[in-house]
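The file coords_36.pdb contains PDB, C-alpha atoms:
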ATOM      1  CA  MET A  61     -31.668 -50.873   4.828
ATOM      2  CA  SER A  62     -29.902 -48.265   6.957
ATOM      3  CA  SER A  63     -27.273 -45.938   5.502
ATOM      4  CA  THR A  64     -24.685 -47.248   7.971
ATOM      5  CA  HIS A  65     -25.263 -50.820   6.802
ATOM      6  CA  MET A  66     -25.108 -49.725   3.153
ATOM      7  CA  ASN A  67     -21.811 -47.908   3.748
ATOM      8  CA  SER A  68     -20.278 -50.923   5.486
ATOM      9  CA  THR A  69     -21.453 -53.172   2.653
ATOM     10  CA  ARG A  70     -19.986 -50.782   0.086
ATOM     11  CA  HIS A  71     -16.644 -50.713   1.942
ATOM     12  CA  ALA A  72     -16.615 -54.503   2.079
ATOM     13  CA  VAL A  73     -17.317 -54.758  -1.658
ATOM     14  CA  ASP A  74     -14.639 -52.151  -2.439
ATOM     15  CA  GLY A  75     -12.163 -54.066  -0.277
ATOM     16  CA  TRP A  76     -12.983 -57.286  -2.118
ATOM     17  CA  ARG A  77     -12.563 -55.603  -5.474
ATOM     18  CA  TRP A  78      -9.211 -54.236  -4.381
ATOM     19  CA  THR A  79      -7.895 -57.626  -3.228
ATOM     20  CA  ALA A  80      -9.360 -59.673  -6.111
ATOM     21  CA  ALA A  81      -9.704 -57.541  -9.213
ATOM     22  CA  ARG A  82     -12.264 -58.708 -11.787
ATOM     23  CA  PRO A  83     -10.611 -59.889 -15.039
ATOM     24  CA  ASP A  84     -10.803 -57.287 -17.796
ATOM     25  CA  GLY A  85     -12.297 -58.702 -20.998
ATOM     26  CA  ASN A  86     -11.853 -62.074 -22.679
ATOM     27  CA  ARG A  87      -8.067 -61.873 -22.488
ATOM     28  CA  GLY A  88      -8.226 -61.367 -18.729
ATOM     29  CA  TRP A  89     -10.555 -64.334 -18.277
ATOM     30  CA  LEU A  90      -8.304 -66.502 -20.474
ATOM     31  CA  ALA A  91      -5.287 -65.497 -18.407
ATOM     32  CA  MET A  92      -7.181 -66.334 -15.209
ATOM     33  CA  ALA A  93      -8.180 -69.744 -16.625
ATOM     34  CA  ALA A  94      -4.585 -70.418 -17.660
ATOM     35  CA  ILE A  95      -3.348 -69.603 -14.161
ATOM     36  CA  ALA A  96      -5.995 -71.899 -12.649
ATOM     37  CA  LEU A  97      -5.013 -74.745 -14.992
ATOM     38  CA  ALA A  98      -1.331 -74.222 -14.225
ATOM     39  CA  LEU A  99      -2.056 -74.289 -10.499
ATOM     40  CA  ALA A 100      -4.107 -77.487 -10.881
ATOM     41  CA  TRP A 101      -1.250 -79.112 -12.829
ATOM     42  CA  VAL A 102       1.302 -78.118 -10.159
ATOM     43  CA  LEU A 103      -0.904 -79.597  -7.443
ATOM     44  CA  HIS A 104      -1.328 -82.834  -9.429
ATOM     45  CA  TRP A 105       2.392 -83.023 -10.155
ATOM     46  CA  SER A 106       3.365 -82.436  -6.518
ATOM     47  CA  ALA A 107       0.806 -85.000  -5.317
ATOM     48  CA  ALA A 108       2.299 -87.603  -7.655
ATOM     49  CA  GLY A 109       5.827 -86.813  -6.492
ATOM     50  CA  ALA A 110       4.779 -86.981  -2.845
ATOM     51  CA  GLN A 111       3.084 -90.343  -3.547
ATOM     52  CA  MET A 112      -0.086 -89.204  -1.831
ATOM     53  CA  SER A 113      -2.453 -92.132  -1.412
ATOM     54  CA  TRP A 114      -5.575 -91.765   0.679
ATOM     55  CA  SER A 115      -6.304 -95.476   0.228
ATOM     56  CA  GLU A 116      -2.979 -96.391   1.856
ATOM     57  CA  LEU A 117      -3.743 -94.011   4.705
ATOM     58  CA  ALA A 118      -7.138 -95.649   5.181
ATOM     59  CA  ALA A 119      -5.504 -99.096   5.106
ATOM     60  CA  GLY A 120      -2.999 -97.991   7.756
ATOM     61  CA  MET A 121      -5.599 -96.619  10.168
ATOM     62  CA  PRO A 122      -5.820 -99.951  12.093
ATOM     63  CA  GLN A 123      -2.074 -99.751  12.825
ATOM     64  CA  ILE A 124      -2.492 -96.187  14.062
ATOM     65  CA  GLY A 125      -5.388 -97.288  16.225
ATOM     66  CA  ASP A 126      -3.302-100.161  17.615
ATOM     67  CA  PHE A 127      -0.496 -97.762  18.554
ATOM     68  CA  LEU A 128      -2.937 -95.398  20.257
ATOM     69  CA  SER A 129      -4.639 -98.218  22.150
ATOM     70  CA  ARG A 130      -1.278 -99.471  23.424
ATOM     71  CA  SER A 131      -0.350 -95.928  24.506
ATOM     72  CA  VAL A 132      -3.414 -95.420  26.698
ATOM     73  CA  PRO A 133      -3.353 -94.752  29.559
ATOM     74  CA  PRO A 134      -0.037 -92.880  29.834
ATOM     75  CA  ASP A 135       2.394 -94.180  32.419
ATOM     76  CA  TRP A 136       2.260 -91.348  34.968
ATOM     77  CA  SER A 137       4.706 -93.172  37.239
ATOM     78  CA  ILE A 138       7.640 -91.922  35.128
ATOM     79  CA  LEU A 139       6.765 -88.238  35.624
ATOM     80  CA  PRO A 140       9.404 -87.737  38.363
ATOM     81  CA  ARG A 141      11.989 -89.088  35.917
ATOM     82  CA  LEU A 142      10.932 -86.586  33.243
ATOM     83  CA  TRP A 143      11.391 -83.425  35.328
ATOM     84  CA  ALA A 144      15.138 -83.216  34.673
ATOM     85  CA  PRO A 145      14.864 -83.786  30.863
ATOM     86  CA  ALA A 146      11.978 -81.275  30.699
ATOM     87  CA  LEU A 147      14.036 -78.615  32.471
ATOM     88  CA  GLU A 148      16.966 -79.469  30.212
ATOM     89  CA  THR A 149      14.769 -78.908  27.166
ATOM     90  CA  ILE A 150      13.758 -75.462  28.468
ATOM     91  CA  GLN A 151      17.402 -74.609  29.167
ATOM     92  CA  ILE A 152      18.400 -75.654  25.640
ATOM     93  CA  ALA A 153      15.651 -73.444  24.173
ATOM     94  CA  ILE A 154      16.627 -70.455  26.344
ATOM     95  CA  TRP A 155      20.314 -70.555  25.471
ATOM     96  CA  GLY A 156      19.672 -71.418  21.841
ATOM     97  CA  THR A 157      17.440 -68.354  21.559
ATOM     98  CA  LEU A 158      19.815 -66.060  23.457
ATOM     99  CA  LEU A 159      22.856 -67.005  21.382
ATOM    100  CA  SER A 160      20.912 -66.712  18.127
ATOM    101  CA  VAL A 161      19.856 -63.162  19.083
ATOM    102  CA  LEU A 162      23.434 -62.183  19.932
ATOM    103  CA  LEU A 163      24.683 -63.605  16.629
ATOM    104  CA  ALA A 164      21.847 -62.180  14.510
ATOM    105  CA  LEU A 165      21.908 -58.594  15.782
ATOM    106  CA  PRO A 166      25.214 -57.432  14.227
ATOM    107  CA  LEU A 167      24.498 -59.308  10.995
ATOM    108  CA  SER A 168      21.047 -57.738  10.682
ATOM    109  CA  PHE A 169      22.527 -54.223  10.658
ATOM    110  CA  VAL A 170      24.846 -55.266   7.835
ATOM    111  CA  ALA A 171      22.055 -57.049   5.933
ATOM    112  CA  ALA A 172      19.708 -54.032   6.063
ATOM    113  CA  GLY A 173      19.927 -52.014   2.866
ATOM    114  CA  ASN A 174      18.961 -48.633   4.369
ATOM    115  CA  LEU A 175      21.842 -48.275   6.846
ATOM    116  CA  HIS A 176      24.870 -48.277   4.554
ATOM    117  CA  SER A 177      25.885 -48.132   0.892
ATOM    118  CA  TRP A 178      28.017 -51.293   0.852
ATOM    119  CA  HIS A 179      25.585 -53.274  -1.299
ATOM    120  CA  TRP A 180      28.088 -56.042  -2.000
ATOM    121  CA  LEU A 181      28.535 -56.651   1.735
ATOM    122  CA  ARG A 182      24.757 -56.653   2.240
ATOM    123  CA  ARG A 183      24.313 -59.266  -0.507
ATOM    124  CA  ILE A 184      27.031 -61.501   0.933
ATOM    125  CA  THR A 185      25.502 -61.258   4.415
ATOM    126  CA  ARG A 186      22.018 -62.000   3.079
ATOM    127  CA  GLN A 187      23.244 -65.084   1.237
ATOM    128  CA  PHE A 188      25.128 -66.251   4.327
ATOM    129  CA  LEU A 189      21.926 -66.003   6.376
ATOM    130  CA  ASN A 190      20.067 -67.880   3.625
ATOM    131  CA  VAL A 191      22.591 -70.709   3.700
ATOM    132  CA  VAL A 192      22.574 -70.980   7.491
ATOM    133  CA  ARG A 193      18.798 -71.151   7.864
ATOM    134  CA  SER A 194      18.463 -73.607   4.971
ATOM    135  CA  ILE A 195      20.233 -76.286   7.053
ATOM    136  CA  ASN A 196      17.822 -78.150   9.314
ATOM    137  CA  GLU A 197      18.433 -78.129  13.070
ATOM    138  CA  LEU A 198      18.688 -81.933  13.111
ATOM    139  CA  ILE A 199      21.552 -81.875  10.615
ATOM    140  CA  LEU A 200      23.314 -79.154  12.581
ATOM    141  CA  ALA A 201      22.789 -81.133  15.797
ATOM    142  CA  LEU A 202      24.364 -84.224  14.202
ATOM    143  CA  VAL A 203      27.374 -82.161  13.156
ATOM    144  CA  PHE A 204      27.807 -80.673  16.631
ATOM    145  CA  VAL A 205      27.267 -84.056  18.328
ATOM    146  CA  SER A 206      30.182 -85.417  16.321
ATOM    147  CA  ALA A 207      32.233 -82.350  17.286
ATOM    148  CA  VAL A 208      31.510 -81.918  21.013
ATOM    149  CA  GLY A 209      29.850 -85.212  21.949
ATOM    150  CA  LEU A 210      26.424 -86.178  23.252
ATOM    151  CA  GLY A 211      24.423 -83.936  25.563
ATOM    152  CA  PRO A 212      22.442 -80.697  25.501
ATOM    153  CA  PHE A 213      25.317 -78.464  24.307
ATOM    154  CA  PRO A 214      25.109 -79.642  20.650
ATOM    155  CA  GLY A 215      21.395 -78.844  20.760
ATOM    156  CA  VAL A 216      22.116 -75.317  21.978
ATOM    157  CA  LEU A 217      24.645 -74.772  19.194
ATOM    158  CA  ALA A 218      22.294 -76.155  16.530
ATOM    159  CA  LEU A 219      19.409 -73.925  17.621
ATOM    160  CA  ALA A 220      21.707 -70.907  17.912
ATOM    161  CA  LEU A 221      23.141 -71.302  14.416
ATOM    162  CA  HIS A 222      19.827 -71.977  12.694
ATOM    163  CA  GLY A 223      18.104 -69.251  14.709
ATOM    164  CA  MET A 224      20.815 -66.788  13.699
ATOM    165  CA  GLY A 225      19.795 -67.216  10.060
ATOM    166  CA  MET A 226      16.088 -66.835  10.797
ATOM    167  CA  LEU A 227      16.340 -63.915  13.227
ATOM    168  CA  GLY A 228      18.951 -62.135  11.105
ATOM    169  CA  LYS A 229      16.494 -62.116   8.194
ATOM    170  CA  PHE A 230      13.563 -60.911  10.323
ATOM    171  CA  PHE A 231      15.640 -58.262  12.091
ATOM    172  CA  ALA A 232      17.007 -56.906   8.800
ATOM    173  CA  GLU A 233      13.554 -56.750   7.211
ATOM    174  CA  ALA A 234      12.203 -54.882  10.256
ATOM    175  CA  ILE A 235      15.046 -52.353   9.939
ATOM    176  CA  GLU A 236      14.311 -51.795   6.244
ATOM    177  CA  GLU A 237      10.653 -51.008   7.002
ATOM    178  CA  ILE A 238      11.303 -48.206   9.515
ATOM    179  CA  ASP A 239      10.691 -44.497   8.910
ATOM    180  CA  ASP A 240      13.782 -42.996   7.307
ATOM    181  CA  GLY A 241      13.054 -39.482   8.638
ATOM    182  CA  PRO A 242      14.717 -39.880  12.069
ATOM    183  CA  LEU A 243      17.766 -41.435  10.408
ATOM    184  CA  GLN A 244      18.153 -38.501   8.025
ATOM    185  CA  ALA A 245      17.754 -36.031  10.907
ATOM    186  CA  LEU A 246      20.475 -37.803  12.912
ATOM    187  CA  ARG A 247      22.804 -37.867   9.906
ATOM    188  CA  SER A 248      22.209 -34.152   9.320
ATOM    189  CA  ALA A 249      23.105 -33.490  12.961
ATOM    190  CA  GLY A 250      26.434 -35.266  12.488
ATOM    191  CA  ALA A 251      25.580 -38.418  14.464
ATOM    192  CA  SER A 252      27.842 -41.419  14.116
ATOM    193  CA  GLN A 253      26.608 -44.735  12.707
ATOM    194  CA  LEU A 254      26.434 -46.196  16.210
ATOM    195  CA  GLN A 255      24.330 -43.249  17.407
ATOM    196  CA  ILE A 256      22.038 -43.603  14.396
ATOM    197  CA  ILE A 257      21.467 -47.267  15.264
ATOM    198  CA  ALA A 258      20.993 -46.607  18.985
ATOM    199  CA  PHE A 259      18.670 -43.592  18.722
ATOM    200  CA  GLY A 260      17.109 -43.918  15.257
ATOM    201  CA  VAL A 261      16.818 -47.631  14.501
ATOM    202  CA  VAL A 262      16.418 -49.525  17.766
ATOM    203  CA  PRO A 263      13.491 -47.447  19.162
ATOM    204  CA  GLN A 264      11.503 -48.126  15.971
ATOM    205  CA  VAL A 265      12.130 -51.880  15.745
ATOM    206  CA  ILE A 266      12.439 -53.028  19.359
ATOM    207  CA  THR A 267       8.748 -53.994  19.687
ATOM    208  CA  ALA A 268       8.805 -56.076  16.505
ATOM    209  CA  TRP A 269      12.111 -57.643  17.507
ATOM    210  CA  ILE A 270      10.827 -58.732  20.914
ATOM    211  CA  ALA A 271       7.750 -60.316  19.334
ATOM    212  CA  VAL A 272       9.919 -62.249  16.872
ATOM    213  CA  VAL A 273      12.297 -63.398  19.630
ATOM    214  CA  LEU A 274       9.378 -64.676  21.725
ATOM    215  CA  TYR A 275       8.048 -66.594  18.728
ATOM    216  CA  ARG A 276      11.514 -67.981  18.067
ATOM    217  CA  PHE A 277      11.693 -69.237  21.646
ATOM    218  CA  GLU A 278       8.460 -71.176  21.081
ATOM    219  CA  VAL A 279       9.937 -72.709  17.932
ATOM    220  CA  ASN A 280      13.161 -73.582  19.746
ATOM    221  CA  LEU A 281      11.232 -75.250  22.545
ATOM    222  CA  ARG A 282       9.517 -77.503  20.022
ATOM    223  CA  SER A 283      12.747 -78.132  18.158
ATOM    224  CA  ALA A 284      14.663 -78.910  21.357
ATOM    225  CA  THR A 285      12.324 -81.838  22.016
ATOM    226  CA  VAL A 286      13.204 -83.255  18.598
ATOM    227  CA  LEU A 287      16.956 -82.681  18.833
ATOM    228  CA  GLY A 288      17.121 -85.182  21.682
ATOM    229  CA  MET A 289      16.415 -87.880  19.116
ATOM    230  CA  VAL A 290      19.963 -87.480  17.766
ATOM    231  CA  GLY A 291      21.572 -87.415  21.209
ATOM    232  CA  ALA A 292      21.275 -83.693  21.921
ATOM    233  CA  GLY A 293      19.604 -84.184  25.302
ATOM    234  CA  GLY A 294      16.192 -83.135  26.562
ATOM    235  CA  LEU A 295      12.866 -84.910  26.395
ATOM    236  CA  GLY A 296      13.495 -86.105  22.864
ATOM    237  CA  PHE A 297      16.052 -88.593  24.155
ATOM    238  CA  GLU A 298      13.504 -90.056  26.591
ATOM    239  CA  LEU A 299      10.893 -90.150  23.820
ATOM    240  CA  VAL A 300      13.108 -92.083  21.425
ATOM    241  CA  SER A 301      14.277 -94.443  24.157
ATOM    242  CA  SER A 302      10.694 -95.370  25.057
ATOM    243  CA  LEU A 303       9.830 -95.926  21.393
ATOM    244  CA  LYS A 304      12.832 -98.193  20.827
ATOM    245  CA  LEU A 305      11.852-100.283  23.858
ATOM    246  CA  PHE A 306       8.187-100.415  22.710
ATOM    247  CA  ARG A 307       7.068 -98.752  25.949
ATOM    248  CA  TYR A 308       4.279 -96.836  24.282
ATOM    249  CA  GLN A 309       2.624 -95.747  27.526
ATOM    250  CA  GLU A 310       5.871 -94.009  28.492
ATOM    251  CA  THR A 311       5.936 -92.490  25.001
ATOM    252  CA  ALA A 312       2.445 -91.103  25.569
ATOM    253  CA  THR A 313       3.583 -89.559  28.858
ATOM    254  CA  CYS A 314       6.517 -87.866  27.120
ATOM    255  CA  ILE A 315       4.188 -86.503  24.435
ATOM    256  CA  VAL A 316       1.798 -85.149  27.079
ATOM    257  CA  VAL A 317       4.651 -83.399  28.915
ATOM    258  CA  ILE A 318       5.967 -81.887  25.658
ATOM    259  CA  THR A 319       2.465 -80.694  24.715
ATOM    260  CA  VAL A 320       1.941 -79.043  28.104
ATOM    261  CA  MET A 321       5.314 -77.291  27.838
ATOM    262  CA  VAL A 322       4.558 -75.953  24.360
ATOM    263  CA  ILE A 323       1.081 -74.749  25.363
ATOM    264  CA  ALA A 324       2.481 -73.033  28.466
ATOM    265  CA  ALA A 325       5.196 -71.324  26.408
ATOM    266  CA  ASP A 326       2.593 -70.199  23.863
ATOM    267  CA  LEU A 327       0.335 -68.729  26.557
ATOM    268  CA  ILE A 328       3.205 -66.908  28.253
ATOM    269  CA  SER A 329       4.577 -65.507  24.982
ATOM    270  CA  ASN A 330       1.095 -64.374  23.883
ATOM    271  CA  TRP A 331       0.653 -62.581  27.211
ATOM    272  CA  LEU A 332       4.049 -60.916  26.902
ATOM    273  CA  ARG A 333       3.377 -59.864  23.296
ATOM    274  CA  SER A 334       0.039 -58.319  24.255
ATOM    275  CA  ARG A 335       1.657 -56.395  27.099
ATOM    276  CA  ILE A 336       4.424 -55.178  24.799
ATOM    277  CA  GLN A 337       1.922 -54.068  22.149
ATOM    278  CA  GLN A 338      -0.150 -52.242  24.765
ATOM    279  CA  GLY A 339       2.969 -50.487  26.009
ATOM    280  CA  ALA A 340       3.925 -49.520  22.451
ATOM    281  CA  ARG A 341       0.457 -47.971  21.860
ATOM    282  CA  HIS A 342       0.689 -45.954  25.074
TER     283      HIS A 342
END
Any chance you could put this one into structure tokens?
Amino acid sequence: MSSTHMNSTRHAVDGWRWTAARPDGNRGWLAMAAIALALAWVLHWSAAGAQMSWSELAAGMPQIGDFLSRSVPPDWSILPRLWAPALETIQIAIWGTLLSVLLALPLSFVAAGNLHSWHWLRRITRQFLNVVRSINELILALVFVSAVGLGPFPGVLALALHGMGMLGKFFAEAIEEIDDGPLQALRSAGASQLQIIAFGVVPQVITAWIAVVLYRFEVNLRSATVLGMVGAGGLGFELVSSLKLFRYQETATCIVVITVMVIAADLISNWLRSRIQQGARH
């Protein structure tokens, strides 16, 4: 065996030992067994609460097969009718993402613990972001539909508010992980808080922020297709309408269009992220 292969094997073994330390003595093995038993009990308890039944799933497979058989082939004749809802879905995702970024940015600077000493304000902001992102987009869309009526605008507001909570958390965590050296140097030079953020914080986090925003746009695109089910416009409205009328071939066409949109958004965002990461390395 070559020395290079032996060294790589040794590094792999050392890495495994570091990630999964061997229990130390009988007490360590007993603790490991107790953790395994506790984990098995939690899984059993959660399966009972979720009423998981593989036999019921097997019994329902014929119904699933019947739905799929009635959905094939998709009704391609309705594609011209789906262009407008598809574009509307993209527009909802774009504006939902943009507004969530604009709302999350100022809150993230307050929620970051390494930019100021107002710990009580940071805790309040963190809890506010927790509350906002704990509310599902569908619930927010229902609230905004009752407030501003049917259409795509409630979907935009729902995605913006929920995205504010998610992006605010990610932005704040990225700020807390930056190198504190440039911040201390700017403070020593008498820079204002705004200058510290502009020249010390943003250059260090901008790459991570852009990656998170691109991922959030993908999530919003998927969510926008679902928000139409509660009257918030987009392809979701067409999808629900076809299901209610038992036009399963039209439903299949809507699903195909949604899938293509999500795949295209994923490919574009992956390409943009790779370009951004290459630019950051250079």
Skipping near chain neighbours, those fewer than 5 positions away, what residues fall within 9 Å of range 303-307 of chain A using only C-alpha atoms, listed as number ranges by chain? A: 130-131, 298, 312
For Arg182 in chain A, please output as a PDB file with C-alpha atoms, in the coordinates of the input all residues within 12 Å (counting only C-alpha atoms; exclusion window: fewer than 2 positions along the same chain).
ATOM      1  CA  LEU A 167      24.498 -59.308  10.995  1.00  0.00           C
ATOM      2  CA  SER A 168      21.047 -57.738  10.682  1.00  0.00           C
ATOM      3  CA  PHE A 169      22.527 -54.223  10.658  1.00  0.00           C
ATOM      4  CA  VAL A 170      24.846 -55.266   7.835  1.00  0.00           C
ATOM      5  CA  ALA A 171      22.055 -57.049   5.933  1.00  0.00           C
ATOM      6  CA  ALA A 172      19.708 -54.032   6.063  1.00  0.00           C
ATOM      7  CA  GLY A 173      19.927 -52.014   2.866  1.00  0.00           C
ATOM      8  CA  ASN A 174      18.961 -48.633   4.369  1.00  0.00           C
ATOM      9  CA  LEU A 175      21.842 -48.275   6.846  1.00  0.00           C
ATOM     10  CA  HIS A 176      24.870 -48.277   4.554  1.00  0.00           C
ATOM     11  CA  SER A 177      25.885 -48.132   0.892  1.00  0.00           C
ATOM     12  CA  TRP A 178      28.017 -51.293   0.852  1.00  0.00           C
ATOM     13  CA  HIS A 179      25.585 -53.274  -1.299  1.00  0.00           C
ATOM     14  CA  TRP A 180      28.088 -56.042  -2.000  1.00  0.00           C
ATOM     15  CA  ILE A 184      27.031 -61.501   0.933  1.00  0.00           C
ATOM     16  CA  THR A 185      25.502 -61.258   4.415  1.00  0.00           C
ATOM     17  CA  ARG A 186      22.018 -62.000   3.079  1.00  0.00           C
ATOM     18  CA  GLN A 187      23.244 -65.084   1.237  1.00  0.00           C
ATOM     19  CA  PHE A 188      25.128 -66.251   4.327  1.00  0.00           C
ATOM     20  CA  LEU A 189      21.926 -66.003   6.376  1.00  0.00           C
ATOM     21  CA  GLY A 228      18.951 -62.135  11.105  1.00  0.00           C
ATOM     22  CA  LYS A 229      16.494 -62.116   8.194  1.00  0.00           C
ATOM     23  CA  ALA A 232      17.007 -56.906   8.800  1.00  0.00           C
TER      24      ALA A 232
END
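Here the question is which of A:Leu202, A:Leu165, A:Cys314, A:Met224 gets nearest to Ser137 in chain A using only C-alpha atoms, and that residue is A:Cys314.
In terms of minimum interatomic distance to Leu274 in chain A, A:Ser329 ranks closest within A:Gln255, A:Ser329, A:Gln244, A:Thr311, counting all atoms listed in the file.
Note that CA of Ile336 in chain A and CA of Thr267 in chain A are 6.8 Å apart.
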Using the chain letters and numbers from the file, which residues does the PyMOL selection byres ((chain A and resi 240) around 12) grab, as an MDAnalysis selection string? chainID A and resid 173:175 235:239 241:247 256:257 260:261 264
Hits of the PyMOL selection byres ((chain A and resi 214) around 8) in this structure, as a PDB file with C-alpha atoms, in the frame of the given file:
ATOM      1  CA  ALA A 201      22.789 -81.133  15.797  1.00  0.00           C
ATOM      2  CA  LEU A 202      24.364 -84.224  14.202  1.00  0.00           C
ATOM      3  CA  PHE A 204      27.807 -80.673  16.631  1.00  0.00           C
ATOM      4  CA  VAL A 205      27.267 -84.056  18.328  1.00  0.00           C
ATOM      5  CA  VAL A 208      31.510 -81.918  21.013  1.00  0.00           C
ATOM      6  CA  GLY A 209      29.850 -85.212  21.949  1.00  0.00           C
ATOM      7  CA  LEU A 210      26.424 -86.178  23.252  1.00  0.00           C
ATOM      8  CA  GLY A 211      24.423 -83.936  25.563  1.00  0.00           C
ATOM      9  CA  PRO A 212      22.442 -80.697  25.501  1.00  0.00           C
ATOM     10  CA  PHE A 213      25.317 -78.464  24.307  1.00  0.00           C
ATOM     11  CA  GLY A 215      21.395 -78.844  20.760  1.00  0.00           C
ATOM     12  CA  VAL A 216      22.116 -75.317  21.978  1.00  0.00           C
ATOM     13  CA  LEU A 217      24.645 -74.772  19.194  1.00  0.00           C
ATOM     14  CA  ALA A 218      22.294 -76.155  16.530  1.00  0.00           C
ATOM     15  CA  ALA A 292      21.275 -83.693  21.921  1.00  0.00           C
TER      16      ALA A 292
END
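Rounded to one decimal, CA of Ala164 in chain A and CA of Gly225 in chain A lie 7.0 Å from each other.
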Selected residue of minimal separation from Val161 in chain A among A:Leu90, A:Leu99, A:Ala258, A:Leu219, counting all atoms listed in the file: A:Leu219
Using only C-alpha atoms, which residue out of A:Val203, A:His222, A:Val316, A:Leu181 lies closest to Leu295 in chain A? A:Val316
Of the residues A:Leu142, A:Leu221, A:Ala100, A:Ala119, which is the one nearest to Glu310 in chain A, using only C-alpha atoms? A:Leu142
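Our summary of the geometry notes that CA of Gln338 in chain A is positioned 19.9 Å from CA of Ala325 in chain A.
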Given the file above and the PyMOL selection byres ((chain A and resi 268) around 10), which residues are selected, and can you give them as a tab-separated table (two decimals) with C-alpha atoms, keeping the file's coordinate frame?
chain	number	residue	atom	x	y	z
A	230	PHE	CA	13.56	-60.91	10.32
A	231	PHE	CA	15.64	-58.26	12.09
A	234	ALA	CA	12.20	-54.88	10.26
A	235	ILE	CA	15.05	-52.35	9.94
A	264	GLN	CA	11.50	-48.13	15.97
A	265	VAL	CA	12.13	-51.88	15.74
A	266	ILE	CA	12.44	-53.03	19.36
A	267	THR	CA	8.75	-53.99	19.69
A	269	TRP	CA	12.11	-57.64	17.51
A	270	ILE	CA	10.83	-58.73	20.91
A	271	ALA	CA	7.75	-60.32	19.33
A	272	VAL	CA	9.92	-62.25	16.87
A	273	VAL	CA	12.30	-63.40	19.63
A	333	ARG	CA	3.38	-59.86	23.30
A	336	ILE	CA	4.42	-55.18	24.80
A	337	GLN	CA	1.92	-54.07	22.15
Extending 5 Å beyond the listed atoms of range 237-244 of chain A on each side, what axis-aligned box results? I want centre and edge lengths in Å to one decimal, as AutoDock Vina command-line options.
--center_x 14.4 --center_y -44.8 --center_z 9.5 --size_x 17.5 --size_y 22.5 --size_z 15.1
Exercise: Val279 in chain A partners within 12 Å, all atoms listed in the file, chain neighbours under 4 positions left out, as an NGL selection string: :A and (150 or 152-154 or 156-157 or 197 or 219-220 or 222-223 or 226-227 or 272-275 or 283-286 or 321-323 or 325-326 or 329)
